[in-house]
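K.L.:
I'm passing along model_5.cif; it holds mmCIF, C-alpha atoms.
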data_coords
#
loop_
_atom_site.label_atom_id
_atom_site.label_comp_id
_atom_site.auth_asym_id
_atom_site.auth_seq_id
_atom_site.Cartn_x
_atom_site.Cartn_y
_atom_site.Cartn_z
CA MET A 35 73.56 9.44 -8.42
CA LYS A 36 71.25 12.34 -9.06
CA LYS A 37 72.74 15.66 -7.90
CA LYS A 38 70.96 17.27 -5.00
CA LYS A 39 69.49 20.65 -5.79
CA VAL A 40 67.47 23.34 -4.06
CA CYS A 41 64.31 24.97 -5.39
CA VAL A 42 63.95 28.73 -5.04
CA LEU A 43 60.37 29.99 -5.08
CA PRO A 44 59.98 33.79 -5.25
CA CYS A 45 56.49 35.27 -5.04
CA SER A 46 57.06 37.41 -8.16
CA GLY A 47 54.04 39.48 -7.15
CA MET A 48 53.00 42.49 -9.22
CA GLY A 49 51.30 44.91 -6.88
CA LYS A 50 54.31 46.11 -4.96
CA VAL A 51 57.96 46.73 -5.71
CA LEU A 52 58.89 43.93 -3.32
CA GLY A 53 57.45 41.30 -5.65
CA SER A 54 59.67 42.62 -8.42
CA VAL A 55 62.67 42.43 -6.08
CA THR A 56 61.94 38.76 -5.22
CA ARG A 57 62.00 38.07 -8.93
CA GLU A 58 65.41 39.68 -9.30
CA VAL A 59 66.68 37.70 -6.29
CA GLY A 60 65.61 34.50 -8.03
CA PHE A 61 67.42 35.45 -11.23
CA ILE A 62 70.62 36.43 -9.40
CA VAL A 63 70.68 33.13 -7.52
CA ALA A 64 69.73 30.90 -10.45
CA GLU A 65 71.84 32.65 -13.10
CA ASP A 66 74.82 34.22 -11.34
CA LEU A 67 75.49 32.67 -7.95
CA ARG A 68 74.27 29.07 -7.88
CA SER A 69 73.30 28.11 -11.42
CA ASP A 70 74.35 24.47 -10.80
CA ASP A 71 72.56 24.10 -7.51
CA ALA A 72 69.31 26.01 -7.77
CA TYR A 73 66.09 25.57 -9.69
CA LEU A 74 64.05 28.73 -10.05
CA VAL A 75 60.39 27.83 -9.57
CA CYS A 76 57.74 29.89 -11.32
CA VAL A 77 54.65 30.32 -9.15
CA SER A 78 52.37 30.89 -12.15
CA SER A 79 53.57 27.81 -14.05
CA LEU A 80 53.36 25.74 -10.87
CA SER A 81 49.77 26.81 -10.27
CA ALA A 82 48.80 26.44 -13.92
CA ARG A 83 50.25 22.92 -13.87
CA VAL A 84 52.75 23.74 -16.62
CA GLY A 85 56.19 22.13 -16.72
CA GLU A 86 57.93 20.01 -14.12
CA TYR A 87 57.65 22.35 -11.15
CA ALA A 88 55.18 20.27 -9.14
CA LYS A 89 57.56 17.33 -9.32
CA MET A 90 60.65 19.43 -8.58
CA ILE A 91 59.30 20.99 -5.42
CA LYS A 92 58.29 17.60 -4.12
CA THR A 93 61.77 16.22 -4.86
CA TYR A 94 64.06 18.98 -3.61
CA PRO A 95 64.15 21.20 -0.52
CA THR A 96 62.65 24.61 -1.20
CA ILE A 97 63.51 28.17 -0.18
CA VAL A 98 60.58 30.57 -0.33
CA ILE A 99 60.95 34.33 -0.89
CA ASP A 100 57.92 36.38 0.12
CA GLY A 101 57.60 39.98 -0.96
CA CYS A 102 54.90 41.32 1.33
CA PHE A 103 52.76 40.58 4.36
CA GLU A 104 50.33 38.43 2.35
CA LYS A 105 53.13 35.83 2.08
CA CYS A 106 51.63 34.38 -1.10
CA ALA A 107 54.66 32.27 -1.98
CA SER A 108 54.49 30.56 1.43
CA LYS A 109 50.74 30.00 1.08
CA ILE A 110 51.15 28.54 -2.41
CA ALA A 111 53.98 26.31 -1.20
CA ALA A 112 51.80 25.06 1.65
CA ALA A 113 48.96 24.34 -0.76
CA HIS A 114 51.33 22.15 -2.78
CA SER A 115 52.68 20.39 0.35
CA VAL A 116 56.15 21.73 -0.42
CA ASN A 117 59.10 20.78 1.73
CA VAL A 118 59.96 24.38 2.72
CA LYS A 119 63.32 24.48 4.46
CA SER A 120 63.80 28.21 4.64
CA SER A 121 61.81 31.35 3.99
CA LEU A 122 62.90 34.92 3.44
CA PHE A 123 60.63 37.88 3.99
CA LEU A 124 61.51 41.07 2.11
CA PRO A 125 60.17 43.59 4.68
CA ARG A 126 62.58 42.02 7.18
CA SER A 127 65.43 42.28 4.66
CA ILE A 128 64.64 45.97 4.12
CA LYS A 129 64.98 46.56 7.87
CA LYS A 130 68.14 44.47 8.03
CA TYR A 131 69.92 46.21 5.14
CA GLY A 132 68.32 49.65 5.27
CA ILE A 133 67.65 49.69 1.52
CA LYS A 134 64.18 50.59 0.31
CA PRO A 135 63.39 50.33 -3.42
CA LYS A 136 60.49 52.35 -4.81
CA LYS A 137 59.20 51.46 -8.26
CA ARG A 138 57.57 48.15 -9.10
CA ASP A 139 58.27 48.43 -12.84
CA TYR A 140 61.95 49.39 -12.68
CA ILE A 141 63.41 48.44 -9.33
CA GLY A 142 66.46 50.63 -9.95
CA THR A 143 69.83 50.70 -8.21
CA LYS A 144 68.36 50.34 -4.72
CA GLY A 145 66.21 47.42 -5.81
CA ILE A 146 69.19 45.68 -7.37
CA GLN A 147 71.29 46.35 -4.24
CA LEU A 148 68.61 44.86 -2.03
CA ALA A 149 68.18 41.88 -4.38
CA GLU A 150 71.92 41.20 -4.29
CA LYS A 151 71.94 41.23 -0.47
CA VAL A 152 68.94 38.92 -0.24
CA ALA A 153 70.45 36.65 -2.91
CA GLN A 154 73.49 36.26 -0.67
CA ASP A 155 71.18 35.20 2.15
CA VAL A 156 69.54 32.66 -0.16
CA VAL A 157 72.97 31.33 -1.14
CA LYS A 158 73.88 30.83 2.53
CA ASP A 159 70.73 28.77 2.95
CA ILE A 160 71.42 26.78 -0.22
CA ASP A 161 74.93 25.95 0.96
CA LYS A 162 73.60 24.91 4.35
CA LEU A 163 70.99 22.66 2.75
CA LEU A 164 73.61 21.10 0.50
CA GLY A 165 75.89 20.45 3.47
CA ARG A 166 78.70 22.84 2.53
CA MET B 40 26.63 54.06 -10.51
CA ASN B 41 30.31 53.26 -10.49
CA ARG B 42 31.87 52.25 -13.78
CA LYS B 43 33.55 48.89 -13.72
CA LYS B 44 37.26 48.85 -14.27
CA VAL B 45 39.19 46.33 -16.31
CA ALA B 46 41.32 44.04 -14.16
CA ILE B 47 44.70 43.52 -15.81
CA ALA B 48 46.14 40.08 -15.12
CA ALA B 49 49.63 39.55 -16.51
CA CYS B 50 51.89 36.55 -16.65
CA THR B 51 54.41 36.65 -13.80
CA GLY B 52 56.48 33.98 -15.51
CA LEU B 53 60.11 33.47 -14.66
CA ASP B 54 61.09 31.00 -17.36
CA GLN B 55 61.24 33.21 -20.41
CA PRO B 56 61.90 36.86 -21.35
CA LEU B 57 58.31 36.97 -22.62
CA GLY B 58 57.15 36.77 -18.99
CA THR B 59 59.05 39.97 -18.31
CA VAL B 60 57.58 41.53 -21.46
CA ALA B 61 54.02 40.73 -20.31
CA ARG B 62 54.74 42.13 -16.86
CA MET B 63 56.23 45.40 -18.14
CA ALA B 64 53.41 45.83 -20.66
CA ALA B 65 50.87 45.49 -17.83
CA TYR B 66 52.60 48.22 -15.81
CA GLN B 67 52.61 50.48 -18.89
CA VAL B 68 48.86 50.01 -19.36
CA LEU B 69 48.17 50.53 -15.64
CA ASP B 70 50.47 53.45 -14.99
CA VAL B 71 50.66 55.27 -18.32
CA LEU B 72 48.13 54.30 -20.99
CA ARG B 73 44.88 53.54 -19.13
CA PRO B 74 45.33 54.47 -15.45
CA ASN B 75 41.70 55.53 -14.99
CA SER B 76 40.02 52.45 -16.40
CA THR B 77 42.18 49.61 -15.07
CA VAL B 78 43.09 47.86 -11.83
CA LEU B 79 46.05 45.56 -11.36
CA LEU B 80 45.48 41.95 -10.48
CA CYS B 81 48.34 40.12 -8.82
CA PRO B 82 48.27 36.48 -10.04
CA PRO B 83 50.23 35.04 -7.08
CA ALA B 84 47.80 36.84 -4.73
CA LEU B 85 44.86 35.43 -6.66
CA ILE B 86 46.35 31.93 -6.40
CA ALA B 87 46.85 32.47 -2.67
CA GLU B 88 43.22 33.66 -2.41
CA VAL B 89 43.98 37.16 -1.17
CA GLU B 90 40.53 38.73 -0.82
CA GLU B 91 41.22 41.90 -2.80
CA ASP B 92 42.30 39.96 -5.88
CA VAL B 93 39.52 37.40 -5.61
CA VAL B 94 36.99 40.27 -5.53
CA PHE B 95 38.69 41.93 -8.54
CA ILE B 96 37.98 38.96 -10.80
CA GLN B 97 34.46 38.54 -9.42
CA GLU B 98 33.49 42.16 -9.99
CA ASN B 99 35.47 43.24 -13.04
CA PRO B 100 36.03 42.01 -16.57
CA VAL B 101 39.56 40.64 -16.86
CA LEU B 102 42.11 41.37 -19.56
CA VAL B 103 44.81 38.72 -19.54
CA ILE B 104 48.29 39.53 -20.84
CA ASP B 105 50.03 36.21 -21.27
CA GLY B 106 53.67 35.80 -22.16
CA CYS B 107 53.73 32.61 -24.19
CA SER B 108 51.54 29.89 -25.62
CA GLU B 109 51.32 28.04 -22.29
CA GLY B 110 48.75 30.64 -21.23
CA CYS B 111 49.42 30.23 -17.49
CA CYS B 112 47.74 33.48 -16.53
CA GLU B 113 44.62 32.63 -18.51
CA ARG B 114 44.45 29.24 -16.78
CA ILE B 115 44.91 30.81 -13.35
CA VAL B 116 42.10 33.34 -13.88
CA ARG B 117 39.79 30.82 -15.54
CA ASP B 118 40.35 28.18 -12.83
CA ARG B 119 39.20 30.72 -10.26
CA GLY B 120 36.05 31.70 -12.09
CA GLY B 121 37.18 35.04 -13.52
CA LYS B 122 35.29 36.52 -16.44
CA ILE B 123 37.95 36.88 -19.12
CA ALA B 124 36.92 39.63 -21.53
CA SER B 125 40.03 39.48 -23.70
CA ILE B 126 43.47 37.93 -23.97
CA VAL B 127 46.61 39.57 -25.35
CA ASN B 128 49.51 37.22 -25.98
CA ALA B 129 53.05 38.63 -26.16
CA GLN B 130 54.34 35.70 -28.19
CA GLU B 131 51.68 36.15 -30.86
CA ILE B 132 52.52 39.84 -31.14
CA GLN B 133 56.21 38.95 -31.30
CA LEU B 134 55.58 36.64 -34.24
CA ARG B 135 53.66 39.37 -36.07
CA SER B 136 56.40 41.94 -35.44
CA ASN B 137 59.53 40.70 -37.17
CA ASN B 138 60.16 38.35 -34.28
CA LEU B 139 61.46 41.06 -31.92
CA GLN B 140 63.78 39.32 -29.45
CA PRO B 141 64.14 40.49 -25.84
CA LYS B 142 67.76 40.22 -24.70
CA SER B 143 67.13 38.24 -21.54
CA ARG B 144 64.52 37.78 -18.85
CA ARG B 145 66.30 40.39 -16.69
CA ILE B 146 67.26 42.96 -19.32
CA LEU B 147 64.88 43.36 -22.21
CA GLY B 148 67.08 45.50 -24.45
CA ILE B 149 65.88 47.66 -27.34
CA GLN B 150 63.90 44.97 -29.14
CA GLY B 151 62.36 43.78 -25.90
CA GLU B 152 61.28 47.32 -25.02
CA LYS B 153 59.75 47.72 -28.48
CA LEU B 154 57.83 44.51 -27.93
CA VAL B 155 56.62 45.78 -24.54
CA ASN B 156 55.29 48.91 -26.23
CA LEU B 157 53.47 46.88 -28.88
CA VAL B 158 51.92 44.54 -26.32
CA ALA B 159 50.90 47.47 -24.11
CA LYS B 160 49.32 49.31 -27.06
CA GLN B 161 47.33 46.23 -28.04
CA ALA B 162 46.24 45.79 -24.42
CA ALA B 163 45.15 49.45 -24.23
CA VAL B 164 43.02 48.98 -27.37
CA GLU B 165 41.42 45.95 -25.72
CA VAL B 166 40.76 47.96 -22.53
CA ASN B 167 38.85 50.54 -24.60
CA ARG B 168 36.86 47.82 -26.32
CA ILE B 169 35.97 46.13 -23.01
CA VAL B 170 34.96 49.44 -21.41
CA ASP B 171 32.75 50.29 -24.41
CA GLN B 172 31.17 46.86 -24.29
CA GLU B 173 30.45 47.20 -20.57
CA GLU B 174 28.78 50.58 -21.25
CA VAL B 175 26.51 49.01 -23.86
CA GLU B 176 25.58 46.13 -21.57
CA ARG B 177 24.73 48.39 -18.60
#
As structure tokens, how would this structure be written, given the file I've shared?

P.N.:
Amino acid sequence: MKKKKVCVLPCSGMGKVLGSVTREVGFIVAEDLRSDDAYLVCVSSLSARVGEYAKMIKTYPTIVIDGCFEKCASKIAAAHSVNVKSSLFLPRSIKKYGIKPKKRDYIGTKGIQLAEKVAQDVVKDIDKLLGR
Amino acid sequence: MNRKKVAIAACTGLDQPLGTVARMAAYQVLDVLRPNSTVLLCPPALIAEVEEDVVFIQENPVLVIDGCSEGCCERIVRDRGGKIASIVNAQEIQLRSNNLQPKSRRILGIQGEKLVNLVAKQAAVEVNRIVDQEEVER
């Protein structure tokens, strides 16, 4: 039987530091914390119709990570009729954890700290979705 | 009359280190090399039809910095009617530069940083060329 997985879709936006943090969250989850359970979905490849992403997000439950108030990742997921099971919103995470990164090119220690916290939240959602 | 700026659209790819290279090169062009003649386009915002980014590609020539041969960023801009004035491809520059290898998609390492600098320099040259061309056409 095919193993159940969860797709993680960060906005990966460029204009603000928060987009860079969502990217780091995705890498932490997909490489360090849940490499066997999570597929990291690339918004650009999905929209450019490259790779298997369109199929993956229709097959597996998806967690969306939005960096800013535009909520682009959520909008893109909706446009692809994605089965979004959970969404995280970085401005809310900043309030929750009291960590505010500054630079969009190098997110620095604070950016990494915030990404690690948010990644833990994503992992909780993954475990819930996988029935653990 | 206001001079047009060059909209920099970079790959936001997550699959390969070259996506990170393209991203960092774009920031270098925007923040260090050509801050007065460029604006940053956010591809996810363009895909999500955020007005500011849609207007950027309608009103400005676009310089695409793609990571690899898939050319996702080029496709995204082209699909939305952007006027692409030039394309810089990190993978092509990598192949011309002793195959500099970024360490990973999270940490570029020395070779990755060198590749970022080369891509950014090439992009800055293209910005100059596009600006000059726009002046001639005005």

K.L.:
Which one is closest to chain B: A:Gly132, A:Gly145, A:Gly165, A:Gly47? Count all atoms listed in the file.

P.N.:
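Of A:Gly132, A:Gly145, A:Gly165, A:Gly47, the one nearest chain B is A:Gly47, counting all atoms listed in the file.
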
K.L.:
Report the residues retrieved by the PyMOL selection byres ((chain B and resi 69) around 10) from the displayed file, expressed as a PyMOL selection string.

P.N.:
chain B and resi 45-47+63-68+70-79+159+163

K.L.:
On this structure, the PyMOL selection byres ((chain A and resi 50) around 10) would catch which residues? List them as a PyMOL selection string, sorted by chain and number.

P.N.:
(chain A and resi 46-49+51-55+101-102+136-139) or (chain B and resi 81)

K.L.:
Closest to B:Gln140 among B:Val155, B:Ile126, B:Val175, B:Ile169, using only C-alpha atoms?

P.N.:
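Answer, going by the shortest atom-to-atom distance: B:Val155.
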
K.L.:
If you apply the PyMOL selection byres ((chain A and resi 41) around 9) to this file, what residues do you get, as a PyMOL selection string?

P.N.:
chain A and resi 39-40+42-43+71-75+90-91+94-98+160

K.L.:
So, counting all atoms listed in the file, which residue among A:Ser79, A:Lys105, A:Tyr140, A:Glu150 is closest to A:Pro125?

P.N.:
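Smallest separation from A:Pro125 among the options: A:Lys105.
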
K.L.:
Using all atoms listed in the file, determine which residues lie at most 9 Å from A:Ile133, disregarding the query and same-chain residues fewer than 3 positions distant; provide the list as a list in words.

P.N.:
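These residues fall inside the cut-off: Ser127, Ile128, Lys129, Lys130, Lys144, Gly145, Gln147 and Leu148 of chain A.
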
K.L.:
Would you mind listing, as a PyMOL selection string, all residues of chain B that have at least one atom within 12 Å of chain A, where only C-alpha atoms are what counts?

P.N.:
chain B and resi 47-56+58-71+78-92+105-119+143-147

K.L.:
Just to confirm, what's the straight-line distance from atom CA of B:Glu173 to atom CA of B:Gln130 in Å (one decimal)?

P.N.:
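Rounded to one decimal, the two atoms are 27.6 Å apart.
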